[in-house]
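Student: If it helps, the file is called final_32.txt and holds compact mmCIF, C-alpha atoms:
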```txt
# COMPACT_ATOMS: atom_id res chain seq x y z
CA MET U 795 -71.12 -19.81 -38.14
CA ASN U 796 -69.03 -17.50 -35.94
CA THR U 797 -70.38 -14.02 -36.30
CA ARG U 798 -68.08 -12.28 -33.78
CA PRO U 799 -66.29 -9.33 -35.40
CA CYS U 800 -62.49 -9.38 -35.85
CA SER U 801 -62.18 -6.56 -33.32
CA PHE U 802 -63.48 -8.91 -30.64
CA TRP U 803 -60.63 -11.35 -31.19
CA PHE U 804 -58.16 -8.48 -31.25
CA LEU U 805 -59.36 -7.36 -27.83
CA VAL U 806 -59.15 -10.89 -26.48
CA ARG U 807 -55.60 -11.35 -27.77
CA THR U 808 -54.33 -7.97 -26.54
CA GLY U 809 -56.02 -8.43 -23.20
CA LEU U 810 -54.36 -11.80 -22.71
CA PHE U 811 -50.98 -10.32 -23.72
CA GLY U 812 -51.36 -7.54 -21.18
CA PHE U 813 -52.29 -10.05 -18.49
CA LEU U 814 -49.15 -12.08 -19.25
CA LEU U 815 -47.03 -8.92 -19.08
CA THR U 816 -48.52 -8.13 -15.69
CA LEU U 817 -47.63 -11.59 -14.44
CA ALA U 818 -44.08 -11.27 -15.78
CA GLY U 819 -43.64 -7.91 -14.11
CA ALA U 820 -44.80 -9.31 -10.83
CA ALA U 821 -42.35 -12.18 -11.19
CA VAL U 822 -39.32 -9.91 -11.62
CA ALA U 823 -40.31 -7.20 -9.12
CA GLN U 824 -37.38 -6.58 -6.73
CA VAL U 825 -37.90 -7.99 -3.28
CA GLU U 826 -37.80 -5.45 -0.48
CA THR U 827 -34.74 -5.98 1.74
CA GLY U 828 -33.34 -4.13 4.70
CA PRO U 829 -30.02 -2.25 4.37
CA ALA U 830 -26.65 -3.83 5.11
CA PHE U 831 -23.34 -1.93 5.22
CA THR U 832 -20.77 -3.19 2.72
CA ILE U 833 -17.84 -0.86 3.59
CA ARG U 834 -16.39 -0.78 7.10
CA LEU U 835 -15.28 2.37 8.92
CA PHE U 836 -11.89 2.29 10.62
CA ASP U 837 -10.16 4.36 13.31
CA THR U 838 -8.16 7.18 11.70
CA THR U 839 -5.71 9.89 12.77
CA VAL U 840 -6.01 13.15 10.79
CA VAL U 841 -3.80 16.24 10.81
CA VAL U 842 -5.72 19.37 11.85
CA GLY U 843 -6.74 21.61 8.96
CA ARG U 844 -6.65 18.82 6.36
CA PRO U 845 -9.69 17.74 4.31
CA PHE U 846 -11.07 14.36 5.36
CA THR U 847 -13.93 12.09 4.27
CA LEU U 848 -15.61 9.08 5.87
CA THR U 849 -17.10 6.81 3.21
CA THR U 850 -19.42 3.85 3.51
CA ALA U 851 -21.93 2.00 1.32
CA THR U 852 -24.96 -0.27 1.72
CA SER U 853 -26.97 -2.90 -0.08
CA GLY U 854 -30.74 -3.21 0.23
CA PHE U 855 -33.95 -2.14 -1.53
CA PRO U 856 -35.32 0.47 -1.68
CA THR U 857 -32.31 2.83 -1.39
CA PRO U 858 -31.96 3.67 2.30
CA GLU U 859 -31.86 7.05 4.00
CA TYR U 860 -28.70 7.85 5.96
CA GLN U 861 -27.94 9.66 9.19
CA TRP U 862 -24.44 10.23 10.61
CA TYR U 863 -23.75 10.32 14.34
CA LYS U 864 -20.90 11.67 16.40
CA ASP U 865 -20.60 10.37 19.98
CA ASP U 866 -24.16 8.97 19.65
CA VAL U 867 -25.61 12.37 18.70
CA ALA U 868 -27.21 12.82 15.28
CA LEU U 869 -25.39 15.38 13.10
CA PRO U 870 -27.91 17.80 11.55
CA GLY U 871 -27.97 17.70 7.77
CA LYS U 872 -25.42 14.87 7.52
CA THR U 873 -27.64 12.50 5.54
CA GLN U 874 -25.41 11.41 2.64
CA VAL U 875 -23.50 8.16 2.21
CA THR U 876 -20.25 10.11 2.86
CA LEU U 877 -19.33 12.51 5.65
CA SER U 878 -16.82 15.17 4.56
CA PHE U 879 -14.73 17.78 6.38
CA ASP U 880 -13.25 20.61 4.30
CA SER U 881 -10.81 21.44 7.12
CA ILE U 882 -10.98 19.12 10.11
CA GLN U 883 -10.58 20.71 13.55
CA PHE U 884 -9.74 19.42 17.03
CA SER U 885 -13.42 19.77 17.95
CA ASP U 886 -14.25 17.21 15.24
CA ALA U 887 -12.47 14.40 17.09
CA GLY U 888 -14.82 11.68 18.28
CA ALA U 889 -16.61 8.41 17.53
CA TYR U 890 -18.52 8.37 14.23
CA TYR U 891 -20.97 5.92 12.73
CA CYS U 892 -23.79 5.94 10.18
CA ARG U 893 -27.35 4.59 10.44
CA ALA U 894 -29.20 3.47 7.30
CA ARG U 895 -32.98 2.96 7.20
CA ASN U 896 -35.52 1.89 4.55
CA THR U 897 -38.93 0.22 4.62
CA GLY U 898 -37.18 -3.14 5.00
CA GLY U 899 -35.34 -2.27 8.22
CA THR U 900 -32.41 -0.44 9.84
CA ALA U 901 -28.65 -1.05 9.96
CA VAL U 902 -25.77 0.62 11.78
CA SER U 903 -22.20 0.86 10.45
CA THR U 904 -19.04 0.12 12.35
CA THR U 905 -17.70 2.97 14.50
CA ALA U 906 -14.60 4.97 13.58
CA ILE U 907 -12.64 6.80 16.27
CA ILE U 908 -11.29 9.97 14.61
CA THR U 909 -8.24 11.48 16.32
CA VAL U 910 -7.10 14.97 15.27
CA VAL U 911 -3.44 15.89 15.78
CA ASN U 912 -1.08 18.79 15.12
CA PRO U 913 1.05 18.62 11.95
CA PRO U 914 4.30 16.72 12.53
CA VAL U 915 7.44 18.80 12.69
CA GLY U 916 9.41 18.60 9.44
CA PRO U 917 11.40 18.15 7.41
CA PHE U 918 9.92 14.71 6.87
CA GLY U 919 11.85 13.60 3.82
CA ARG U 920 14.68 14.81 1.67
CA ILE U 921 15.57 15.13 -1.98
CA THR U 922 18.02 12.35 -2.81
CA ASN U 923 18.39 12.91 -6.53
CA ALA U 924 17.23 15.23 -9.28
CA SER U 925 17.60 15.25 -13.03
CA VAL U 926 16.88 17.54 -15.97
CA ARG U 927 16.29 16.28 -19.49
CA THR U 928 16.12 18.58 -22.49
CA THR U 929 17.24 19.02 -26.08
CA LEU U 930 20.15 21.34 -26.83
CA THR U 931 21.36 22.83 -30.07
CA ALA U 932 25.11 22.86 -30.75
CA SER U 933 26.93 24.92 -28.06
CA GLN U 934 23.65 25.81 -26.32
CA LEU U 935 23.98 25.88 -22.51
CA LEU U 936 21.77 24.09 -20.02
CA THR U 937 22.22 25.82 -16.67
CA VAL U 938 21.29 24.01 -13.44
CA GLY U 939 21.48 25.53 -9.97
CA PHE U 940 21.33 23.61 -6.68
CA THR U 941 21.83 24.25 -2.97
CA MET U 942 23.22 21.98 -0.25
CA GLN U 943 22.09 23.43 3.08
CA GLY U 944 23.44 22.69 6.55
CA GLY U 945 27.02 21.80 5.62
CA SER U 946 28.96 20.03 2.90
CA ARG U 947 28.28 16.68 1.31
CA SER U 948 29.52 14.65 -1.65
CA VAL U 949 27.31 14.45 -4.71
CA LEU U 950 27.50 12.55 -7.98
CA LEU U 951 26.96 14.72 -11.07
CA ARG U 952 26.43 13.35 -14.59
CA ALA U 953 25.77 14.73 -18.08
CA VAL U 954 24.46 11.78 -20.08
CA GLY U 955 24.30 11.71 -23.86
CA PRO U 956 25.47 8.50 -25.59
CA SER U 957 24.19 6.21 -22.81
CA LEU U 958 20.65 7.48 -23.47
CA GLY U 959 20.82 5.16 -26.47
CA ARG U 960 20.33 2.29 -24.02
CA PHE U 961 16.76 3.59 -23.60
CA ASP U 962 16.09 3.98 -27.34
CA VAL U 963 16.79 7.72 -27.33
CA LEU U 964 18.41 7.96 -30.75
CA ASN U 965 18.97 11.71 -31.15
CA PHE U 966 21.28 11.97 -28.11
CA MET U 967 24.10 14.47 -27.75
CA PRO U 968 27.20 12.44 -28.74
CA ASN U 969 29.76 14.18 -26.49
CA PRO U 970 28.36 16.41 -23.72
CA TRP U 971 30.61 18.30 -21.32
CA MET U 972 29.80 19.52 -17.82
CA ALA U 973 31.29 22.32 -15.71
CA VAL U 974 30.59 23.12 -12.03
CA PHE U 975 30.84 26.62 -10.55
CA GLN U 976 30.49 28.21 -7.13
CA GLY U 977 29.66 31.83 -7.68
CA GLY U 978 31.84 32.84 -10.61
CA THR U 979 34.62 30.34 -9.82
CA LEU U 980 35.03 27.31 -12.05
CA LEU U 981 35.59 24.26 -9.81
CA GLU U 982 35.81 21.40 -12.31
CA ILE U 983 35.04 20.49 -15.91
CA ASN U 984 34.58 17.03 -17.39
CA ASP U 985 33.65 15.64 -20.80
CA THR U 986 34.42 11.93 -20.43
CA TRP U 987 33.79 9.82 -17.34
CA GLY U 988 36.60 7.43 -18.30
CA ASP U 989 35.20 4.24 -16.68
CA THR U 990 36.61 5.47 -13.35
CA PRO U 991 36.23 2.83 -10.56
CA ALA U 992 35.13 5.42 -7.98
CA LEU U 993 32.34 6.51 -10.34
CA LEU U 994 31.26 2.92 -10.92
CA THR U 995 30.99 2.49 -7.14
CA ALA U 996 28.93 5.70 -6.88
CA PHE U 997 26.59 4.54 -9.65
CA ALA U 998 25.92 1.31 -7.79
CA SER U 999 25.42 2.94 -4.38
CA THR U 1000 22.89 5.50 -5.65
CA GLY U 1001 20.97 3.25 -8.01
CA ALA U 1002 22.02 5.31 -11.02
CA PHE U 1003 21.84 3.40 -14.31
CA SER U 1004 25.21 2.31 -15.66
CA LEU U 1005 26.93 4.28 -18.40
CA LEU U 1006 28.21 2.55 -21.53
CA PRO U 1007 31.86 1.52 -21.19
CA GLY U 1008 34.11 3.93 -23.03
CA SER U 1009 31.24 6.33 -23.71
CA GLN U 1010 31.63 10.09 -24.01
CA ASP U 1011 29.19 10.78 -21.16
CA ALA U 1012 30.48 13.14 -18.45
CA ALA U 1013 30.50 12.42 -14.70
CA MET U 1014 32.22 13.60 -11.52
CA ILE U 1015 32.03 13.42 -7.73
CA ARG U 1016 32.17 16.76 -5.88
CA THR U 1017 31.89 17.81 -2.25
CA VAL U 1018 29.51 20.76 -2.19
CA GLY U 1019 28.10 23.13 0.39
CA GLY U 1020 25.84 26.11 -0.28
CA GLY U 1021 24.81 27.17 -3.77
CA HIS U 1022 26.44 25.78 -6.91
CA THR U 1023 25.80 25.93 -10.64
CA ALA U 1024 26.36 23.27 -13.29
CA GLN U 1025 26.50 23.96 -17.02
CA VAL U 1026 26.02 21.30 -19.69
CA SER U 1027 26.68 21.73 -23.41
CA GLY U 1028 28.29 20.09 -26.44
CA THR U 1029 29.60 20.88 -29.89
CA GLN U 1030 26.81 18.80 -31.46
CA ALA U 1031 23.07 19.01 -30.85
CA GLY U 1032 20.94 16.34 -29.20
CA ASN U 1033 19.09 15.14 -26.11
CA VAL U 1034 20.99 15.33 -22.84
CA LEU U 1035 20.25 14.34 -19.26
CA PHE U 1036 21.77 16.13 -16.27
CA GLU U 1037 21.70 14.16 -13.01
CA LEU U 1038 22.55 14.93 -9.39
CA TYR U 1039 22.68 12.22 -6.71
CA ASP U 1040 23.17 12.82 -2.97
CA LEU U 1041 25.85 10.39 -1.81
CA GLY U 1042 24.98 10.81 1.89
CA SER U 1043 22.36 9.05 3.98
CA ALA U 1044 21.51 11.37 6.90
CA ASN U 1045 18.91 14.17 6.73
CA GLN U 1046 21.57 16.84 7.26
CA PRO U 1047 23.11 18.37 5.23
CA ARG U 1048 20.39 18.26 2.57
CA LEU U 1049 19.50 19.43 -0.93
CA THR U 1050 16.93 22.20 -0.50
CA ASN U 1051 16.39 23.43 -4.04
CA LEU U 1052 17.25 22.80 -7.65
CA SER U 1053 16.50 24.84 -10.77
CA ALA U 1054 17.16 24.54 -14.49
CA ARG U 1055 16.87 27.08 -17.29
CA ASN U 1056 16.55 26.33 -20.98
CA ARG U 1057 14.54 27.20 -24.06
CA VAL U 1058 11.12 25.51 -24.14
CA GLY U 1059 8.85 24.66 -27.02
CA THR U 1060 11.12 24.58 -30.05
CA GLY U 1061 10.06 21.52 -32.04
CA GLY U 1062 7.52 20.67 -29.35
CA ASP U 1063 10.20 20.06 -26.70
CA VAL U 1064 9.39 20.39 -23.02
CA LEU U 1065 11.71 21.04 -20.09
CA ILE U 1066 11.62 18.03 -17.75
CA LEU U 1067 12.71 17.98 -14.10
CA GLY U 1068 12.72 14.68 -12.24
CA PHE U 1069 13.34 14.17 -8.53
CA THR U 1070 13.06 11.58 -5.78
CA LEU U 1071 11.96 12.06 -2.16
CA VAL U 1072 12.75 9.60 0.63
CA GLY U 1073 11.50 9.74 4.21
CA SER U 1074 8.75 8.68 6.56
CA ALA U 1075 6.04 11.22 5.70
CA PRO U 1076 4.98 13.65 2.96
CA GLN U 1077 7.37 16.53 2.29
CA PRO U 1078 6.03 20.02 1.45
CA VAL U 1079 7.55 21.43 -1.73
CA LEU U 1080 7.16 24.46 -4.01
CA ILE U 1081 7.47 23.93 -7.77
CA ARG U 1082 7.58 26.84 -10.21
CA ALA U 1083 7.71 27.36 -13.98
CA VAL U 1084 8.98 30.90 -14.52
CA GLY U 1085 8.78 32.54 -17.92
CA PRO U 1086 7.73 36.20 -18.16
CA SER U 1087 9.30 37.12 -14.80
CA LEU U 1088 12.75 36.22 -16.15
CA ALA U 1089 12.62 39.47 -18.12
CA GLN U 1090 13.34 41.43 -14.91
CA PHE U 1091 16.80 39.79 -14.92
CA GLY U 1092 17.52 40.83 -18.48
CA VAL U 1093 16.64 37.48 -20.08
CA ALA U 1094 15.46 37.95 -23.67
CA GLY U 1095 12.92 35.82 -25.52
CA VAL U 1096 11.16 34.52 -22.41
CA LEU U 1097 8.35 31.97 -22.50
CA ALA U 1098 5.31 34.24 -22.22
CA ASP U 1099 2.91 31.74 -20.65
CA PRO U 1100 4.45 28.56 -19.19
CA ARG U 1101 2.39 25.62 -17.95
CA LEU U 1102 3.68 23.08 -15.44
CA SER U 1103 2.40 19.62 -14.55
CA VAL U 1104 3.63 17.30 -11.79
CA HIS U 1105 3.47 13.57 -12.50
CA ALA U 1106 3.84 10.60 -10.15
CA SER U 1107 5.98 7.61 -11.15
CA ASN U 1108 2.89 5.87 -12.60
CA GLY U 1109 2.25 8.83 -14.91
CA ALA U 1110 -0.73 10.21 -13.00
CA ILE U 1111 -0.92 14.00 -12.83
CA VAL U 1112 -0.53 15.08 -9.19
CA ALA U 1113 -0.87 18.82 -9.79
CA SER U 1114 -0.81 21.34 -12.62
CA ASN U 1115 -0.85 25.11 -13.00
CA ASP U 1116 -0.93 27.73 -15.70
CA ASP U 1117 -1.01 31.06 -13.83
CA TRP U 1118 0.26 31.17 -10.25
CA ASP U 1119 -1.90 32.26 -7.29
CA ASP U 1120 -0.41 35.53 -6.04
CA THR U 1121 -2.00 35.02 -2.61
CA GLN U 1122 0.79 32.43 -2.16
CA ALA U 1123 3.54 35.06 -2.32
CA ALA U 1124 4.44 34.51 1.37
CA VAL U 1125 4.95 30.79 0.70
CA HIS U 1126 7.40 31.62 -2.10
CA ALA U 1127 9.26 34.07 0.13
CA GLY U 1128 9.48 31.48 2.91
CA ALA U 1129 11.16 29.07 0.48
CA GLY U 1130 13.74 31.69 -0.45
CA ALA U 1131 12.43 32.02 -4.01
CA PHE U 1132 12.63 35.38 -5.79
CA ALA U 1133 9.35 37.31 -5.96
CA LEU U 1134 7.00 36.96 -8.91
CA PRO U 1135 4.91 39.98 -9.96
CA ALA U 1136 1.23 39.78 -9.03
CA ARG U 1137 -0.97 38.34 -11.79
CA SER U 1138 2.02 37.27 -13.89
CA LYS U 1139 1.66 34.32 -16.25
CA ASP U 1140 4.27 32.25 -14.40
CA GLY U 1141 3.16 28.86 -13.03
CA ALA U 1142 3.57 27.55 -9.48
CA VAL U 1143 2.15 24.92 -7.13
CA SER U 1144 2.83 24.17 -3.46
CA LEU U 1145 1.91 20.72 -2.20
CA SER U 1146 2.98 17.87 0.07
CA LEU U 1147 4.38 14.86 -1.75
CA ALA U 1148 4.70 11.37 -0.34
CA PRO U 1149 8.09 9.64 -0.65
CA GLY U 1150 8.61 8.53 -4.23
CA SER U 1151 9.70 9.70 -7.67
CA TYR U 1152 8.12 12.60 -9.54
CA THR U 1153 8.48 14.42 -12.86
CA VAL U 1154 7.75 18.06 -13.64
CA GLN U 1155 7.04 19.03 -17.24
CA VAL U 1156 7.17 22.65 -18.41
CA SER U 1157 5.66 23.59 -21.75
CA GLY U 1158 4.25 26.69 -23.44
CA VAL U 1159 0.51 27.40 -23.49
CA ASN U 1160 -0.84 27.23 -27.07
CA GLY U 1161 2.54 25.98 -28.29
CA GLY U 1162 4.46 29.00 -27.06
CA THR U 1163 8.26 28.99 -27.10
CA GLY U 1164 10.93 30.81 -25.12
CA GLU U 1165 13.33 30.76 -22.18
CA ALA U 1166 11.92 29.19 -19.02
CA LEU U 1167 13.13 28.27 -15.55
CA VAL U 1168 11.84 25.24 -13.66
CA GLU U 1169 12.40 25.33 -9.88
CA LEU U 1170 12.01 22.88 -7.00
CA TYR U 1171 12.13 24.15 -3.40
CA GLU U 1172 11.83 22.25 -0.14
CA LEU U 1173 9.31 24.16 1.98
CA PRO U 1174 10.02 24.76 5.68
```
Show this structure as C-alpha cells.
Tutor:
Amino acid sequence: MNTRPCSFWFLVRTGLFGFLLTLAGAAVAQVETGPAFTIRLFDTTVVVGRPFTLTTATSGFPTPEYQWYKDDVALPGKTQVTLSFDSIQFSDAGAYYCRARNTGGTAVSTTAIITVVNPPVGPFGRITNASVRTTLTASQLLTVGFTMQGGSRSVLLRAVGPSLGRFDVLNFMPNPWMAVFQGGTLLEINDTWGDTPALLTAFASTGAFSLLPGSQDAAMIRTVGGGHTAQVSGTQAGNVLFELYDLGSANQPRLTNLSARNRVGTGGDVLILGFTLVGSAPQPVLIRAVGPSLAQFGVAGVLADPRLSVHASNGAIVASNDDWDDTQAAVHAGAGAFALPARSKDGAVSLSLAPGSYTVQVSGVNGGTGEALVELYELP
C-alpha cells in the first residue's frame, strides 16, 4: 500500500511543472546578436540657423549603445539614436557617422557629409491665386484688399455663388455682385459673368473651375497695380467665394498681400482664406487673424479673441496661433502690416511654406463672434 502523503505528490507535480517552464524559457530566450544599422545616412545641405536632425536605427540584441562622431572625433554626450541641432552653424559642417556597440559586437553607420550654407536670396515663390469663402447675410459686405507690387498685371476676379452648387454647397448666394476700387474710386462692377469668351479662356489658363453656363456668378479681368479693394455682396443671403488669379507668369510684378474682413462665428461660421504658392523653394509669409486691434480703426463688434490655423492641401495643420508673439513686431513691420498692441489677443504666425496650396481658417475662441480680418503677407 502506498503510504506517501498527498503533499508529496503535489511537490513532485509542481516541481516537474517548474522544470518544464524552465526548459520552455530557455527555448525562447532571445539569441544575442550584434547591431546592424537599418537606416542609412545621406549627404545633406542645410541652411544656417535651421534646426536639423540626423536619424538612424539598428537591429540587434541587447539594445546597443550609440556614439556619434564628427570628422572621426567622438562627440561628447551624443549617445542617442538621433543627433539633433537646434540651430545649425557653419562650424557644424563635416562628416558624421554613428557607432553602435552591444555585447554581440560593433557596427558603424554610413557617413553623411553635412554642408551648411547661407539662406538663398528670395523671393523664392509667388502667390498665384487667393480666395476667401464666407457666409453673408442679405446686403452684407465682404471686403477684400490686395496689392500688386512692382508694376501692373492682369488678374481674374470672381464672386462665385450659384456655381458652388457644383460642389454640393446648397445654401449659396444666388446672385452675388462684385465691385473693384482703387482708393475711393470705383473702377468696375459686375453681377453676371455672361459666358464671356475671354473669361472662359482665363478660367482655362489659370486652372479655375468652370462656372455654370448662364449662372449669376460675377467675374471680370482687370489690370491692377498697387493696392486695390474688392467688395462682394448680394440682395439674398448665402455662401459666397471670392477668387483672385494672377494671369501673369513671371515673378515680377507680384501679389504681395491679401486681406479679407467679415463677421466670424455667427452660426459657427469661420472665415476661410485659401492661397497657392509656386516657385522653386519655400516662401516666407506672415499670416494674421486680427480681431481686437480693429477697434483702433473704429470697427465695432470686433472678435475679441480670434484663433487661426494654417492647413496644407491634405488637411494637415501646418501652424496655429491664438495670441500673437509681440517679440515678432519687427517682422510685422517689415511686411508692411499695421502694428498690433503688445499682448493683444490677435493671432499671427510667420513661417516658410513650400510651393503648394494652403487654407487659413479664422474662428473665435470659445465660440466667440465678431468682426475679424484675415491677412496674408509675403515676407521680404
Student: Find, counting only C-alpha atoms, the residue in U:Leu951, U:Ala1110, U:Ala1089, U:Val825 that gets nearest to Val926 (chain U).
Tutor: U:Leu951
Student: One number please: CA of Gln1155 (chain U) to CA of Thr928 (chain U), in Å, one decimal.
Tutor: 10.5 Å
Student: Measure the distance from CA of Asn923 (chain U) to CA of Thr1070 (chain U) in Å and round it to one decimal.
Tutor: 5.5 Å
Student: Pick out the residues sitting within 12 Å of Leu958 (chain U), and hand them over as a list in words; count all atoms listed in the file, and ignore anything fewer than 6 positions along from it in its own chain.
Tutor: Arg927, Leu964, Asn965, Phe966, Met967, Pro968, Asn969, Pro970, Phe1003, Ser1004, Leu1005, Leu1006, Ser1009, Gln1010, Asp1011, Gly1032, Asn1033, Val1034, Leu1035 and Phe1036 of chain U
Student: Set the distance at 6 Å and use only C-alpha atoms: which residues neighbour Leu1052 (chain U) once local chain neighbours fewer than 6 positions away are removed? I'd like the list as a list in words.
Tutor: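 After dropping sequence-adjacent residues, the list is Gly939, Phe940, Glu1169 and Leu1170 of chain U.
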Student: Using all atoms listed in the file, which of the listed residues (U:Asp1140, U:Asp989, U:Asp1040, U:Glu982) sits closest to Ala1002 (chain U)?
Tutor: U:Asp1040
Student: At what distance in Å, to one decimal, does CA of Asn1115 (chain U) lie from CA of Val1168 (chain U)?
Tutor: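 Interatomic distance, CA of Val1168 (chain U) to CA of Asn1115 (chain U): 12.7 Å.
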Student: Here is a test: counting all atoms listed in the file, which residue of U:Gly1095, U:Gly977, U:Pro1174, U:Gly1008 is nearest to Gly1162 (chain U)?
Tutor: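 Selected residue with least distance to Gly1162 (chain U): U:Gly1095.
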Student: I need the residue nearest Asp886 (chain U) from this list: U:Pro870, U:Gly843, U:Pro856, U:Pro991. Use all atoms listed in the file for the distance.
Tutor: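 Of the candidates, the smallest distance to Asp886 (chain U) is held by U:Gly843.
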Student: Considering all atoms listed in the file, return as a list of chain:residue names whatever protein or nucleic-acid residues lie within 12 Å of Ala1127 (chain U), sequence-local ones (same chain, fewer than 5 positions apart) excluded.
Tutor: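 That gives U:Leu1080, U:Asp1120, U:Thr1121, U:Gln1122, U:Phe1132, U:Ala1133, U:Leu1134, U:Tyr1171, U:Leu1173, U:Pro1174.
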Student: Using only the atoms of region 976-980 of chain U listed in the file, plus 6 Å on each side, state the axis-aligned box centre and edge lengths in Å rounded to one decimal, as AutoDock Vina command-line options.
Tutor:
```
--center_x 32.3 --center_y 30.1 --center_z -9.6 --size_x 17.4 --size_y 17.5 --size_z 16.9
```
Student: Please list as a PyMOL selection string every residue within 10 Å of Val1096 (chain U), counting all atoms listed in the file and excluding residues in the same chain fewer than 5 positions away.
Tutor: chain U and resi 1056-1058+1084-1089+1162-1167
Student: Limited to C-alpha atoms, could you put the picked residues into a file as an mmCIF file, keeping the file's coordinate frame?
Tutor:
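Saved result, result.cif, follows:
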```
data_model
loop_
_atom_site.group_PDB
_atom_site.id
_atom_site.type_symbol
_atom_site.label_atom_id
_atom_site.label_comp_id
_atom_site.auth_asym_id
_atom_site.auth_seq_id
_atom_site.Cartn_x
_atom_site.Cartn_y
_atom_site.Cartn_z
ATOM 1 C CA ASN U 1056 16.550 26.330 -20.980
ATOM 2 C CA ARG U 1057 14.540 27.200 -24.060
ATOM 3 C CA VAL U 1058 11.120 25.510 -24.140
ATOM 4 C CA VAL U 1084 8.980 30.900 -14.520
ATOM 5 C CA GLY U 1085 8.780 32.540 -17.920
ATOM 6 C CA PRO U 1086 7.730 36.200 -18.160
ATOM 7 C CA SER U 1087 9.300 37.120 -14.800
ATOM 8 C CA LEU U 1088 12.750 36.220 -16.150
ATOM 9 C CA ALA U 1089 12.620 39.470 -18.120
ATOM 10 C CA GLY U 1162 4.460 29.000 -27.060
ATOM 11 C CA THR U 1163 8.260 28.990 -27.100
ATOM 12 C CA GLY U 1164 10.930 30.810 -25.120
ATOM 13 C CA GLU U 1165 13.330 30.760 -22.180
ATOM 14 C CA ALA U 1166 11.920 29.190 -19.020
ATOM 15 C CA LEU U 1167 13.130 28.270 -15.550
#
```
Student: Could you tell me which of U:Val1154, U:Gly1001, U:Phe884, U:Gly1092 comes closest to Leu1067 (chain U) if we count only C-alpha atoms?
Tutor: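 Selected residue with least distance to Leu1067 (chain U): U:Val1154.
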Student: Which residue is closest to Thr922 (chain U)? Choose from U:Gly955, U:Pro1047, U:Gly1141, U:Gly1161 and count only C-alpha atoms.
Tutor: U:Pro1047
Student: List as a ChimeraX atom specification: which residues have an atom within 10 Å of (1.8, 15.7, 0.4), counting all atoms listed in the file?
Tutor: /U:1075-1079,1112,1144-1149
Student: Would you pick out the contacts of Thr876 (chain U) at 8 Å or less, using only C-alpha atoms, so that residues sharing its chain but fewer than 5 positions from it are not included, and give the list as a VMD selection string?
Tutor: chain U and resid 847 to 850
Student: Please, could you write that set of residues out with C-alpha atoms as a PDB file, keeping the file's coordinate frame?
Tutor:
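Below you can see part31.pdb, which holds the result:
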```pdb
ATOM      1  CA  THR U 847     -13.930  12.090   4.270  1.00  0.00           C
ATOM      2  CA  LEU U 848     -15.610   9.080   5.870  1.00  0.00           C
ATOM      3  CA  THR U 849     -17.100   6.810   3.210  1.00  0.00           C
ATOM      4  CA  THR U 850     -19.420   3.850   3.510  1.00  0.00           C
TER       5      THR U 850
END
```
